[in-house]
Every structure is written in C-alpha cells, then in structure tokens.
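Visitor: Provided herewith is a single structure, encoded as structure tokens, for subsequent inquiry.
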Amino acid sequence: MPTLTVQKPAPQRSLWPYAIIAVFVLFATFIGYMVKQAMSSSVDLVSKDYYEQELQHQQRMEATARTQALPAQVTITYDETGHDLGLQIPAALTSPQPTGKVQFFRPSDQRLDFTVPLQVDATGAQHLSTARLKPGYWRIRLDFTAGGEAYFQEKNISVGN
C-alpha cells in the first residue's frame with residue numbers, strides 16, 4: 001500500500017518584529033539627531049547683564065514716558081535705499097549737548113550687536129550709515145540724557161539685501 005506523505009508548508013516569518021525594531025531604531029536616530037542639533041545651536045541671552053537691566057526696568061519705563069510726553073517727538077527714521085538711519089531729538093534738548101548712545105541690537109545673533117555714541121548737531125539730528133548692517137531684523141535703541149533727565153526711544157527695522 002502506498003504511503004501518503006503530507007508536506008508541511010514552510011513556516012512563514014512574520015515581518016512585524018522587524019518593523020517594530022526598525023521603528024524603534026528610526027525613533028532613536030531622530031531623537032539623537034534632535035539632541036545634537038539642540039546642543040550645537042547657540043542660545044544667546046538678550047544681554048550679558050540681563051539681571052542688572054531688569055532691575056533698571058522702572059527707570060526705562062519712566063524715560064519712555066518722558067520721551068512720549070515731549071512736545072516735539074524724538075524720531076528714528078530708516079532709509080533703506082540710502083542706507084541711512086536718522087535720529088532727531090527736539091532742539092530744546094540740544095543745549096547743553098545731550099549724552100547717550102545708540103544701540104544696534106540683533107536678537108538672532110548677539111555677536112552682531114554694537115553701540116555708537118550719540119553725537120547730535122545743533123538741530124538735534126544725527127545720521128548713521130546702515131551699510132554695514134547684515135540683512136535681517138534689528139532693534140535700534142536710543143538712550144540719552146539731556147538737562148539731567150533720561151530719555152529712551154526704540155524702533156524695530158528690517159534691513160534688506
């Protein structure tokens with residue numbers, strides 16, 4: 001009598017364990033990449049002496065209010081085509097000569113920040129070249145003292161190419 005032989009089908013391997021392992025490996029690689037990116041990006045504070053500036057916040061608010069209360073406004077104008085930043089202080093504040101500074105603050109890169117002394121003419125005007133400013137967002141801060149009183153004005157500009 002002939003014998004019947006039954007062939008067993010070859011065992012099929014499931015792909016699920018490999019897929020799960022692949023997902024975990026990809027996730028771990030992604031997390032590793034994100035940690036590397038976070039560790040290598042520079043995180044600049046607004047300024048190195050941030051705490052001291054925060055303590056002077058009330059004086060800054062008073063100086064801003066004093067500036068806004070002037071009969072003639074302190075103006076900061078930006079002419080992109082002429083690469084010129086114009087500052088105008090009311091003529092009443094020019095005698096005696098006001099002292100102060102103009103800060104160019106780049107929020108995205110602390111290394112580009114710089115300060116220029118305030119040197120207005122008899123009409124209260126000062127013009128600064130913006131040709132050396134890198135394209136992007138800049139915050140201009142005019143901080144000066146005239147007649148024993150502090151004044152403050154700030155303007156945001158966007159420098160094109």
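For the structure tokens, the naming scheme is as follows: chains receive sequential letters (A, B, ...) according to their order of presentation, residues are indexed from 1 within each chain, and ligands are indexed from 1 in presentation order.
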So which residues of chain A fall under alpha helix (DSSP H) by DSSP, listed as a ChimeraX atom specification?
Guide: /A:16-40,50-55,57-68
Visitor: Limited to N, CA and C atoms, could you put the picked residues into a file as a tab-separated table (two decimals), in the first residue's frame?
Guide:
chain	number	residue	atom	x	y	z
A	16	TRP	N	6.39	41.66	11.35
A	16	TRP	CA	6.10	42.59	12.43
A	16	TRP	C	7.28	42.82	13.37
A	17	PRO	N	7.98	41.82	13.83
A	17	PRO	CA	9.10	42.10	14.74
A	17	PRO	C	10.15	43.00	14.08
A	18	TYR	N	10.41	42.79	12.79
A	18	TYR	CA	11.40	43.62	12.09
A	18	TYR	C	10.89	45.06	11.95
A	19	ALA	N	9.61	45.20	11.67
A	19	ALA	CA	9.04	46.54	11.53
A	19	ALA	C	9.10	47.30	12.86
A	20	ILE	N	8.79	46.61	13.94
A	20	ILE	CA	8.84	47.26	15.26
A	20	ILE	C	10.26	47.68	15.60
A	21	ILE	N	11.21	46.81	15.35
A	21	ILE	CA	12.62	47.14	15.61
A	21	ILE	C	13.05	48.32	14.74
A	22	ALA	N	12.65	48.33	13.48
A	22	ALA	CA	13.01	49.42	12.57
A	22	ALA	C	12.43	50.75	13.05
A	23	VAL	N	11.20	50.73	13.53
A	23	VAL	CA	10.58	51.96	14.04
A	23	VAL	C	11.34	52.46	15.26
A	24	PHE	N	11.70	51.57	16.18
A	24	PHE	CA	12.46	51.99	17.35
A	24	PHE	C	13.83	52.55	16.96
A	25	VAL	N	14.50	51.93	16.01
A	25	VAL	CA	15.81	52.42	15.57
A	25	VAL	C	15.67	53.80	14.93
A	26	LEU	N	14.66	53.98	14.07
A	26	LEU	CA	14.44	55.28	13.45
A	26	LEU	C	14.10	56.35	14.48
A	27	PHE	N	13.28	56.00	15.46
A	27	PHE	CA	12.93	56.95	16.51
A	27	PHE	C	14.16	57.35	17.32
A	28	ALA	N	14.98	56.37	17.69
A	28	ALA	CA	16.20	56.66	18.46
A	28	ALA	C	17.16	57.53	17.64
A	29	THR	N	17.26	57.26	16.34
A	29	THR	CA	18.11	58.08	15.48
A	29	THR	C	17.59	59.51	15.41
A	30	PHE	N	16.29	59.68	15.27
A	30	PHE	CA	15.69	61.00	15.22
A	30	PHE	C	15.94	61.77	16.52
A	31	ILE	N	15.73	61.11	17.65
A	31	ILE	CA	15.96	61.76	18.94
A	31	ILE	C	17.43	62.14	19.09
A	32	GLY	N	18.33	61.26	18.69
A	32	GLY	CA	19.76	61.57	18.75
A	32	GLY	C	20.11	62.77	17.89
A	33	TYR	N	19.54	62.85	16.69
A	33	TYR	CA	19.77	63.99	15.80
A	33	TYR	C	19.25	65.28	16.42
A	34	MET	N	18.06	65.24	17.00
A	34	MET	CA	17.48	66.44	17.61
A	34	MET	C	18.30	66.90	18.82
A	35	VAL	N	18.80	65.98	19.62
A	35	VAL	CA	19.65	66.34	20.76
A	35	VAL	C	20.93	66.99	20.27
A	36	LYS	N	21.52	66.43	19.21
A	36	LYS	CA	22.75	67.01	18.65
A	36	LYS	C	22.49	68.42	18.14
A	37	GLN	N	21.38	68.63	17.44
A	37	GLN	CA	21.04	69.96	16.92
A	37	GLN	C	20.82	70.94	18.07
A	38	ALA	N	20.13	70.52	19.10
A	38	ALA	CA	19.85	71.40	20.24
A	38	ALA	C	21.13	71.77	20.98
A	39	MET	N	22.05	70.84	21.09
A	39	MET	CA	23.29	71.11	21.81
A	39	MET	C	24.24	71.98	20.98
A	40	SER	N	24.16	71.93	19.67
A	40	SER	CA	25.10	72.68	18.84
A	40	SER	C	24.59	74.07	18.48
A	50	TYR	N	21.77	90.93	31.88
A	50	TYR	CA	20.31	90.93	31.83
A	50	TYR	C	19.70	91.25	33.19
A	51	TYR	N	20.24	90.71	34.25
A	51	TYR	CA	19.66	90.92	35.58
A	51	TYR	C	19.74	92.39	35.98
A	52	GLU	N	20.89	93.02	35.74
A	52	GLU	CA	21.04	94.44	36.08
A	52	GLU	C	20.07	95.30	35.26
A	53	GLN	N	19.91	94.95	34.00
A	53	GLN	CA	18.98	95.71	33.16
A	53	GLN	C	17.54	95.52	33.63
A	54	GLU	N	17.21	94.36	34.11
A	54	GLU	CA	15.86	94.11	34.60
A	54	GLU	C	15.58	94.95	35.85
A	55	LEU	N	16.60	95.15	36.68
A	55	LEU	CA	16.43	95.99	37.85
A	55	LEU	C	16.19	97.45	37.46
A	57	HIS	N	14.40	98.44	34.99
A	57	HIS	CA	13.21	98.46	34.14
A	57	HIS	C	12.31	99.66	34.45
A	58	GLN	N	12.12	99.98	35.72
A	58	GLN	CA	11.26	101.10	36.08
A	58	GLN	C	11.82	102.42	35.56
A	59	GLN	N	13.14	102.60	35.65
A	59	GLN	CA	13.74	103.83	35.11
A	59	GLN	C	13.55	103.90	33.60
A	60	ARG	N	13.63	102.75	32.92
A	60	ARG	CA	13.42	102.72	31.47
A	60	ARG	C	11.99	103.10	31.13
A	61	MET	N	11.03	102.62	31.91
A	61	MET	CA	9.63	102.96	31.68
A	61	MET	C	9.39	104.47	31.88
A	62	GLU	N	10.01	105.04	32.91
A	62	GLU	CA	9.87	106.48	33.15
A	62	GLU	C	10.51	107.29	32.02
A	63	ALA	N	11.67	106.85	31.54
A	63	ALA	CA	12.34	107.54	30.44
A	63	ALA	C	11.50	107.47	29.17
A	64	THR	N	10.86	106.33	28.92
A	64	THR	CA	10.00	106.19	27.75
A	64	THR	C	8.79	107.11	27.86
A	65	ALA	N	8.19	107.17	29.03
A	65	ALA	CA	7.03	108.05	29.24
A	65	ALA	C	7.44	109.52	29.09
A	66	ARG	N	8.61	109.88	29.59
A	66	ARG	CA	9.12	111.24	29.47
A	66	ARG	C	9.35	111.60	28.00
A	67	THR	N	9.86	110.64	27.24
A	67	THR	CA	10.10	110.87	25.81
A	67	THR	C	8.78	111.07	25.07
A	68	GLN	N	7.79	110.28	25.38
A	68	GLN	CA	6.49	110.40	24.70
A	68	GLN	C	5.76	111.68	25.08
Visitor: List the spatial neighbours of Lys134 of chain A as a ChimeraX atom specification - criterion: any atom at most 9 Å away, only C-alpha atoms, same-chain residues fewer than 4 positions off excluded.
Guide: /A:112,130,159-161
Visitor: Could you write out that same residue set with C-alpha atoms as a short mmCIF file (atom, residue, chain, number, x, y, z; two decimals), in the first residue's frame?
Guide:
data_model
loop_
_atom_site.label_atom_id
_atom_site.label_comp_id
_atom_site.auth_asym_id
_atom_site.auth_seq_id
_atom_site.Cartn_x
_atom_site.Cartn_y
_atom_site.Cartn_z
CA LEU A 112 26.39 91.49 15.65
CA THR A 130 23.49 101.27 7.92
CA VAL A 159 17.32 95.66 6.73
CA GLY A 160 17.01 94.25 3.23
CA ASN A 161 19.70 92.91 0.94
#
Visitor: Could you pull out all residues of segment 1-160 of chain A with a DSSP call of strand (DSSP E) and give them as a PyMOL selection string?
Guide: chain A and resi 75-79+84-88+99-105+114-117+125-129+136-146+149-159
Visitor: To one decimal place, how far is atom CA of Ala131 of chain A from atom CA of Glu80 of chain A in Å?
Guide: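 Atom CA of Glu80 of chain A lies 9.2 Å from atom CA of Ala131 of chain A.
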Visitor: So which one's closest to Gln103 of chain A, A:Gly147, A:Ala91, A:Gln153, A:Leu70? Using only C-alpha atoms, please.
Guide: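 Checking each candidate against Gln103 of chain A, we get A:Gln153 as the closest.
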